[in-house]
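Dropping coords.tsv in here (TSV, C-alpha atoms and all ligand atoms):
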```
chain	number	residue	atom	x	y	z
S	1	MET	CA	116.66	105.91	86.39
S	2	LYS	CA	116.56	104.53	82.86
S	3	PHE	CA	113.27	105.43	81.19
S	4	ILE	CA	112.68	103.48	77.99
S	5	GLU	CA	109.70	104.36	75.83
S	6	VAL	CA	108.83	101.83	73.15
S	7	GLU	CA	106.22	101.71	70.41
S	8	ASN	CA	104.10	98.79	71.56
S	9	TYR	CA	103.37	96.16	74.19
S	10	GLU	CA	105.09	93.39	72.20
S	11	LYS	CA	108.37	95.27	72.24
S	12	LEU	CA	107.98	96.19	75.90
S	13	SER	CA	107.44	92.51	76.70
S	14	ARG	CA	110.46	91.34	74.69
S	15	ILE	CA	112.75	93.90	76.34
S	16	ALA	CA	111.48	93.15	79.86
S	17	SER	CA	111.89	89.42	79.28
S	18	GLY	CA	115.37	90.05	77.88
S	19	ILE	CA	116.39	91.94	81.02
S	20	ILE	CA	115.05	89.19	83.32
S	21	CYS	CA	116.58	86.38	81.25
S	22	ALA	CA	119.94	88.19	81.15
S	23	GLN	CA	119.80	88.44	84.95
S	24	VAL	CA	119.26	84.66	85.22
S	25	ILE	CA	121.94	83.85	82.62
S	26	VAL	CA	124.50	85.98	84.46
S	27	LYS	CA	123.39	84.76	87.91
S	28	PRO	CA	121.59	81.39	87.62
S	29	CYS	CA	120.62	81.34	91.32
S	30	SER	CA	118.89	84.73	91.12
S	31	VAL	CA	116.01	85.63	93.39
S	32	LEU	CA	113.32	87.13	91.16
S	33	GLY	CA	110.58	89.33	92.60
S	34	LEU	CA	107.52	88.81	90.41
S	35	ALA	CA	104.21	90.55	89.76
S	36	THR	CA	100.78	89.56	88.49
S	37	GLY	CA	98.17	91.51	86.49
S	38	SER	CA	97.95	92.06	82.76
S	39	SER	CA	101.21	94.01	82.33
S	40	PRO	CA	103.63	91.09	82.84
S	41	LEU	CA	101.71	88.52	80.75
S	42	GLY	CA	103.69	89.29	77.57
S	43	THR	CA	106.96	89.30	79.53
S	44	TYR	CA	106.17	85.86	80.93
S	45	LYS	CA	105.25	84.60	77.46
S	46	ASN	CA	108.65	85.69	76.17
S	47	MET	CA	110.43	84.15	79.17
S	48	ILE	CA	108.67	80.84	78.45
S	49	GLU	CA	109.78	81.05	74.81
S	50	ALA	CA	113.37	81.76	75.85
S	51	TYR	CA	113.23	78.72	78.14
S	52	GLU	CA	111.73	76.50	75.41
S	53	ASN	CA	114.44	77.65	72.99
S	54	GLY	CA	117.06	76.57	75.51
S	55	ASP	CA	118.36	80.13	75.97
S	56	VAL	CA	117.76	80.29	79.72
S	57	ASP	CA	117.62	77.80	82.56
S	58	PHE	CA	115.45	78.63	85.59
S	59	SER	CA	116.33	75.50	87.59
S	60	LYS	CA	118.32	77.40	90.22
S	61	VAL	CA	116.05	80.45	90.40
S	62	LYS	CA	113.95	81.29	93.44
S	63	SER	CA	111.01	83.67	93.30
S	64	VAL	CA	108.97	85.83	95.63
S	65	ASN	CA	105.73	87.40	94.48
S	66	LEU	CA	104.57	90.80	95.54
S	67	ASP	CA	101.08	90.15	96.75
S	68	GLU	CA	97.99	88.01	97.17
S	69	TYR	CA	94.31	88.61	97.84
S	70	VAL	CA	93.25	87.96	101.43
S	71	GLY	CA	90.78	85.07	101.62
S	72	LEU	CA	91.58	83.35	98.30
S	73	THR	CA	93.19	79.93	98.49
S	74	GLY	CA	96.08	79.19	96.13
S	75	ASP	CA	93.87	77.08	93.87
S	76	HIS	CA	91.18	79.79	93.49
S	77	GLU	CA	90.98	80.83	89.81
S	78	GLN	CA	91.71	84.47	90.63
S	79	SER	CA	94.37	83.95	93.28
S	80	TYR	CA	97.78	85.29	92.41
S	81	ARG	CA	99.34	81.91	93.24
S	82	ARG	CA	97.15	80.33	90.57
S	83	PHE	CA	97.97	83.15	88.12
S	84	MET	CA	101.69	82.53	88.56
S	85	ASN	CA	101.38	78.75	88.30
S	86	ASP	CA	99.28	78.99	85.14
S	87	ASN	CA	101.12	81.81	83.37
S	88	LEU	CA	104.74	81.08	84.24
S	89	PHE	CA	105.80	78.53	86.84
S	90	SER	CA	104.22	75.46	85.23
S	91	LYS	CA	105.78	76.38	81.88
S	92	ILE	CA	109.42	76.85	82.86
S	93	ASN	CA	111.77	74.70	84.96
S	94	ILE	CA	111.76	76.74	88.17
S	95	PRO	CA	111.28	74.27	91.06
S	96	MET	CA	107.72	74.88	92.32
S	97	GLU	CA	108.90	74.67	95.96
S	98	GLU	CA	111.22	77.61	95.33
S	99	THR	CA	108.35	79.85	94.24
S	100	HIS	CA	106.79	81.96	96.99
S	101	VAL	CA	103.56	83.94	97.12
S	102	PRO	CA	102.21	85.44	100.37
S	103	ASN	CA	99.51	83.24	101.89
S	104	GLY	CA	96.26	85.20	101.75
S	105	CYS	CA	94.53	82.56	103.87
S	106	ALA	CA	96.97	82.65	106.79
S	107	THR	CA	95.04	82.81	110.06
S	108	ASP	CA	97.41	85.48	111.34
S	109	ILE	CA	98.07	87.84	108.41
S	110	GLU	CA	100.36	90.07	110.46
S	111	LYS	CA	102.58	87.10	111.29
S	112	GLU	CA	102.45	85.98	107.65
S	113	GLY	CA	103.82	89.43	106.69
S	114	LYS	CA	106.68	89.17	109.16
S	115	ASP	CA	107.47	85.61	108.06
S	116	TYR	CA	107.44	86.70	104.40
S	117	ASP	CA	109.95	89.48	105.09
S	118	ALA	CA	112.13	87.00	107.01
S	119	LEU	CA	111.91	84.61	104.05
S	120	ILE	CA	113.06	87.32	101.61
S	121	LYS	CA	115.97	88.10	103.94
S	122	SER	CA	116.88	84.42	104.26
S	123	LEU	CA	117.05	84.15	100.45
S	124	GLY	CA	119.61	86.97	100.47
S	125	GLY	CA	117.18	89.62	99.20
S	126	ILE	CA	115.72	90.12	95.75
S	127	ASP	CA	118.09	90.43	92.78
S	128	LEU	CA	115.53	91.82	90.36
S	129	GLN	CA	112.01	93.00	91.16
S	130	LEU	CA	109.48	93.20	88.34
S	131	LEU	CA	106.64	95.66	88.94
S	132	GLY	CA	103.49	96.90	87.25
S	133	ILE	CA	101.81	100.13	88.30
S	134	GLY	CA	98.17	100.76	89.18
S	135	LEU	CA	96.19	103.68	87.80
S	136	ASP	CA	96.38	105.27	91.24
S	137	GLY	CA	100.17	104.76	91.39
S	138	HIS	CA	100.16	101.64	93.54
S	139	ILE	CA	102.99	99.13	93.35
S	140	GLY	CA	102.29	95.71	94.77
S	141	PHE	CA	99.13	96.65	96.62
S	142	ASN	CA	100.71	99.64	98.35
S	143	GLU	CA	97.86	102.07	97.83
S	144	PRO	CA	98.07	105.88	98.06
S	145	ASP	CA	98.32	106.93	101.70
S	146	SER	CA	99.84	109.57	103.92
S	147	PHE	CA	102.85	107.37	104.70
S	148	PHE	CA	104.91	104.53	103.16
S	149	THR	CA	104.68	101.12	104.86
S	150	ALA	CA	107.95	99.22	105.14
S	151	GLY	CA	107.12	95.56	105.71
S	152	THR	CA	104.75	93.03	104.15
S	153	HIS	CA	101.31	93.95	105.44
S	154	LYS	CA	97.55	93.71	104.99
S	155	VAL	CA	95.92	96.49	102.97
S	156	GLU	CA	92.40	97.54	102.14
S	157	LEU	CA	92.14	97.94	98.36
S	158	ASP	CA	91.11	101.30	96.94
S	159	GLU	CA	87.79	101.51	95.12
S	160	SER	CA	89.65	102.28	91.84
S	161	THR	CA	91.78	99.14	92.25
S	162	ILE	CA	88.69	97.01	92.94
S	163	GLU	CA	87.06	98.46	89.84
S	164	ALA	CA	90.19	97.90	87.71
S	165	ASN	CA	90.50	94.28	88.89
S	166	ALA	CA	86.79	93.48	88.56
S	167	ARG	CA	87.48	92.51	84.92
S	168	PHE	CA	89.03	89.27	86.17
S	169	PHE	CA	86.01	88.32	88.31
S	170	GLN	CA	82.36	87.55	87.47
S	171	SER	CA	81.32	90.78	89.19
S	172	LYS	CA	82.82	93.65	91.18
S	173	ASP	CA	81.31	92.22	94.38
S	174	GLU	CA	83.52	89.16	94.08
S	175	VAL	CA	86.77	91.15	94.20
S	176	PRO	CA	88.34	90.70	97.64
S	177	ARG	CA	88.50	93.93	99.65
S	178	PHE	CA	91.82	93.14	101.28
S	179	ALA	CA	95.21	91.94	100.14
S	180	ILE	CA	98.59	91.16	101.62
S	181	THR	CA	101.46	92.97	99.92
S	182	MET	CA	105.17	93.32	100.15
S	183	GLY	CA	105.94	96.76	101.55
S	184	MET	CA	108.31	99.44	100.36
S	185	GLU	CA	111.32	98.04	102.21
S	186	GLY	CA	111.16	94.71	100.39
S	187	ILE	CA	110.76	96.47	97.05
S	188	MET	CA	113.35	99.19	97.62
S	189	GLN	CA	115.94	96.69	98.87
S	190	ALA	CA	115.80	94.75	95.60
S	191	LYS	CA	119.13	95.16	93.82
S	192	LYS	CA	117.41	96.04	90.53
S	193	VAL	CA	113.87	97.21	89.87
S	194	LEU	CA	112.14	96.86	86.50
S	195	LEU	CA	108.75	98.57	86.16
S	196	ILE	CA	106.59	98.01	83.09
S	197	ALA	CA	103.55	100.05	82.13
S	198	ASN	CA	101.51	100.08	78.95
S	199	GLY	CA	98.51	101.88	77.56
S	200	ALA	CA	97.53	105.52	77.13
S	201	ALA	CA	95.53	105.30	80.38
S	202	LYS	CA	98.78	104.85	82.36
S	203	LYS	CA	100.63	107.81	80.77
S	204	GLU	CA	99.53	110.35	83.36
S	205	ILE	CA	100.35	108.21	86.40
S	206	VAL	CA	103.71	107.19	84.92
S	207	GLU	CA	104.61	110.88	84.46
S	208	LYS	CA	103.47	111.70	88.00
S	209	ALA	CA	105.34	108.76	89.51
S	210	PHE	CA	108.68	109.27	87.78
S	211	TYR	CA	108.79	112.99	87.03
S	212	GLY	CA	106.67	114.38	89.89
S	213	PRO	CA	107.31	114.81	93.60
S	214	ILE	CA	108.12	111.78	95.77
S	215	THR	CA	105.06	111.24	97.93
S	216	PRO	CA	103.13	108.35	99.51
S	217	GLU	CA	100.09	109.74	97.68
S	218	VAL	CA	101.77	108.30	94.56
S	219	PRO	CA	103.39	105.15	96.00
S	220	ALA	CA	105.50	104.34	92.90
S	221	SER	CA	107.22	107.74	93.19
S	222	ILE	CA	109.48	106.31	95.93
S	223	LEU	CA	111.21	104.32	93.17
S	224	GLN	CA	112.88	107.56	92.02
S	225	LEU	CA	115.20	106.99	94.98
S	226	HIS	CA	116.17	103.49	93.85
S	227	PRO	CA	119.76	103.30	92.57
S	228	ASP	CA	119.01	100.81	89.76
S	229	LEU	CA	115.56	101.47	88.33
S	230	THR	CA	114.45	100.76	84.75
S	231	VAL	CA	111.01	101.87	83.58
S	232	ILE	CA	109.66	100.63	80.26
S	233	TYR	CA	106.56	102.36	78.94
S	234	SER	CA	104.54	101.81	75.80
S	235	LYS	CA	101.51	103.87	74.84
S	236	ASN	CA	99.96	101.06	72.77
S	301	LIG	C1	100.20	92.75	90.86
S	301	LIG	C2	100.48	94.05	91.44
S	301	LIG	C3	99.80	95.29	91.00
S	301	LIG	C4	99.75	95.45	89.47
S	301	LIG	C5	98.99	96.73	89.11
S	301	LIG	C6	98.86	96.90	87.61
S	301	LIG	O1	100.98	91.76	91.49
S	301	LIG	O2	101.26	94.10	92.31
S	301	LIG	O3	100.48	96.39	91.53
S	301	LIG	O4	101.03	95.48	88.96
S	301	LIG	O5	97.71	96.71	89.67
S	301	LIG	O6	98.02	95.90	87.13
S	301	LIG	P1	97.85	95.64	85.56
S	301	LIG	O7	99.17	95.13	85.09
S	301	LIG	O8	96.80	94.58	85.47
S	301	LIG	O9	97.47	96.94	84.96
```
Show me the file's structure as structure tokens.
Amino acid sequence: MKFIEVENYEKLSRIASGIICAQVIVKPCSVLGLATGSSPLGTYKNMIEAYENGDVDFSKVKSVNLDEYVGLTGDHEQSYRRFMNDNLFSKINIPMEETHVPNGCATDIEKEGKDYDALIKSLGGIDLQLLGIGLDGHIGFNEPDSFFTAGTHKVELDESTIEANARFFQSKDEVPRFAITMGMEGIMQAKKVLLIANGAAKKEIVEKAFYGPITPEVPASILQLHPDLTVIYSKN
């Protein structure tokens, strides 16, 4: 594991973007695993700038996102599909049809999970997976549990996750209770994993996840077993 601590969010975002852009420059047809939430916003901003400056071309890139709320259509303001379209996809030259987000409105969510895993396999797996981390140690929406789940699956969100995500909705009651998330197999099979975390509030969980015991009670701790993991943390 490479653990990089930097002084602020701006630097974290520039470094993370640099790592992702370097991946695409070296392998233009990369499959990028992408995340939503506030952590990657600065990274995406820097990736857009790199694209606008002509430093990187995303035209051959394919992407798979980690997760989606169950019950939100792709055009819902708070859906993760909409987040990705607004904050990245519509601002770079990745072909929209090559961007994938689990369908939270699928009638059969279990089948959607299996199909999503088959899709990732058919793309040849993920070259680089970008991750954030929840205050309870979740990655994707793999919440603390007594076991790790391998495939893409439906999860019930923890109360702390609902509370943390309520800031994006009008009220806490509007936050969906369920999500569909890539499981640990999809994440762990990525060739490279890049996890970004910022803020003093995340210090404790970052320490637990990367310097504590490997346990499904702290889902991100499984990443300690990944052969090519980079963690970037900034306190501010
Ligand atoms: C989002 C995701 C989540 C977030 C995590 C941290 O696709 O998978 O695991 O990365 O909840 O969220 P922020 O970055 O908003 O603190």
Using 9 Å as the limit and counting all atoms listed in the file, can you tabulate each residue of chain S that touches ligand LIG 301 (chain S), with its shortest atom-to-atom distance in Å and the two atoms involved, as CSV?
```
residue,atom,partner,partner_atom,distance
S:Leu34,CA,S:LIG301,O1,7.3
S:Ala35,CA,S:LIG301,O1,3.9
S:Thr36,CA,S:LIG301,O1,3.7
S:Gly37,CA,S:LIG301,O8,3.5
S:Ser38,CA,S:LIG301,O8,3.9
S:Ser39,CA,S:LIG301,O7,3.6
S:Pro40,CA,S:LIG301,O7,6.4
S:Leu41,CA,S:LIG301,O7,8.3
S:Asn65,CA,S:LIG301,O1,7.1
S:Leu66,CA,S:LIG301,O1,5.5
S:Asp67,CA,S:LIG301,O1,5.5
S:Glu68,CA,S:LIG301,O1,7.4
S:Tyr80,CA,S:LIG301,O1,7.3
S:Leu130,CA,S:LIG301,O4,8.8
S:Leu131,CA,S:LIG301,O4,5.6
S:Gly132,CA,S:LIG301,O4,3.3
S:Ile133,CA,S:LIG301,C6,4.4
S:Gly134,CA,S:LIG301,O5,4.1
S:Leu135,CA,S:LIG301,C6,7.3
S:Asp136,CA,S:LIG301,O5,8.8
S:Gly137,CA,S:LIG301,O3,8.4
S:His138,CA,S:LIG301,O3,5.6
S:Ile139,CA,S:LIG301,O3,4.1
S:Gly140,CA,S:LIG301,O2,3.1
S:Phe141,CA,S:LIG301,O3,5.3
S:Asn142,CA,S:LIG301,O3,7.6
S:Glu143,CA,S:LIG301,O3,8.9
S:Thr161,CA,S:LIG301,O5,6.9
S:Ala164,CA,S:LIG301,O8,7.7
S:Asn165,CA,S:LIG301,O8,7.2
S:Thr181,CA,S:LIG301,O2,7.7
S:Met182,CA,S:LIG301,O2,8.8
S:Leu195,CA,S:LIG301,O4,8.8
S:Ile196,CA,S:LIG301,O7,8.2
S:Ala197,CA,S:LIG301,O7,7.2
S:Asn198,CA,S:LIG301,O9,7.9
S:Gly199,CA,S:LIG301,O9,9.0
S:Lys202,CA,S:LIG301,O9,8.4
```
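The residue that comes closest to S:Glu77, out of S:Phe168, S:Ile162, S:Lys60, S:Lys154 and on the basis of only C-alpha atoms, is S:Phe168.
Nearest to S:Lys121 of all the residues S:Ser90, S:Gln189, S:Gln23, S:Ser30 is S:Gln189, based on all atoms listed in the file.
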Item to complete: Please measure the separation of atom CA of S:Glu156 and atom CA of S:Glu174, giving the value in Å to one decimal.
Response: 14.6 Å
Distance query S:Glu110 at most 12 Å, all atoms listed in the file, self and fewer than 6 positions along chain excluded, as a CSV table (one decimal) with C-alpha atoms, in the coordinates of the input:
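Once everything was written out, this is result_24.csv:
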```
chain,number,residue,atom,x,y,z
S,70,VAL,CA,93.2,88.0,101.4
S,102,PRO,CA,102.2,85.4,100.4
S,103,ASN,CA,99.5,83.2,101.9
S,104,GLY,CA,96.3,85.2,101.8
S,116,TYR,CA,107.4,86.7,104.4
S,117,ASP,CA,110.0,89.5,105.1
S,151,GLY,CA,107.1,95.6,105.7
S,152,THR,CA,104.8,93.0,104.2
S,153,HIS,CA,101.3,94.0,105.4
S,154,LYS,CA,97.6,93.7,105.0
S,155,VAL,CA,95.9,96.5,103.0
S,179,ALA,CA,95.2,91.9,100.1
S,180,ILE,CA,98.6,91.2,101.6
S,181,THR,CA,101.5,93.0,99.9
S,182,MET,CA,105.2,93.3,100.2
```
Discussion item. When you look at S:Met96 with a cut-off of 12 Å (counting only C-alpha atoms), what residues show up, excluding the ones that are within fewer than 5 positions of it in the same chain? I need them as a VMD selection string.
Written reply: chain S and resid 58 to 64 81 84 to 86 88 to 91 101
Worksheet item: In Å, with one decimal, what is the gap from atom CA of S:Gly18 to atom CA of S:Lys235?
Response: 19.8 Å
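Of note, atom CA of S:Glu5 and atom CA of S:Lys203 are spaced 10.9 Å apart.
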Discussion item. I need the residue nearest S:Asn236 from this list: S:Glu10, S:Ser79, S:Phe178, S:Glu97. Use all atoms listed in the file for the distance.
Written reply: S:Glu10
Discussion item. The residues within 7 Å of (115.2, 91.8, 89.4), using only C-alpha atoms and the coordinates of the file, should be reported as a PyMOL selection string; which are they?
Written reply: chain S and resi 20+32-33+126-130+190-194
Radius query 12 Å about (113.3, 83.1, 73.8), atoms used: all atoms listed in the file, as a tab-separated table (two decimals) with C-alpha atoms, keeping the file's coordinate frame:
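Output file result_5.tsv is given in full below:
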```
chain	number	residue	atom	x	y	z
S	13	SER	CA	107.44	92.51	76.70
S	14	ARG	CA	110.46	91.34	74.69
S	15	ILE	CA	112.75	93.90	76.34
S	16	ALA	CA	111.48	93.15	79.86
S	17	SER	CA	111.89	89.42	79.28
S	18	GLY	CA	115.37	90.05	77.88
S	19	ILE	CA	116.39	91.94	81.02
S	20	ILE	CA	115.05	89.19	83.32
S	21	CYS	CA	116.58	86.38	81.25
S	22	ALA	CA	119.94	88.19	81.15
S	43	THR	CA	106.96	89.30	79.53
S	44	TYR	CA	106.17	85.86	80.93
S	45	LYS	CA	105.25	84.60	77.46
S	46	ASN	CA	108.65	85.69	76.17
S	47	MET	CA	110.43	84.15	79.17
S	48	ILE	CA	108.67	80.84	78.45
S	49	GLU	CA	109.78	81.05	74.81
S	50	ALA	CA	113.37	81.76	75.85
S	51	TYR	CA	113.23	78.72	78.14
S	52	GLU	CA	111.73	76.50	75.41
S	53	ASN	CA	114.44	77.65	72.99
S	54	GLY	CA	117.06	76.57	75.51
S	55	ASP	CA	118.36	80.13	75.97
S	56	VAL	CA	117.76	80.29	79.72
S	57	ASP	CA	117.62	77.80	82.56
S	92	ILE	CA	109.42	76.85	82.86
```
Box in all listed atoms of stretch 12-22 of chain S, axis-aligned, with 5 Å more on each side; write out centre and edge lengths in Å to one decimal as JSON.
```
{"center_x": 113.7, "center_y": 91.3, "center_z": 79.0, "size_x": 22.5, "size_y": 19.8, "size_z": 18.6}
```
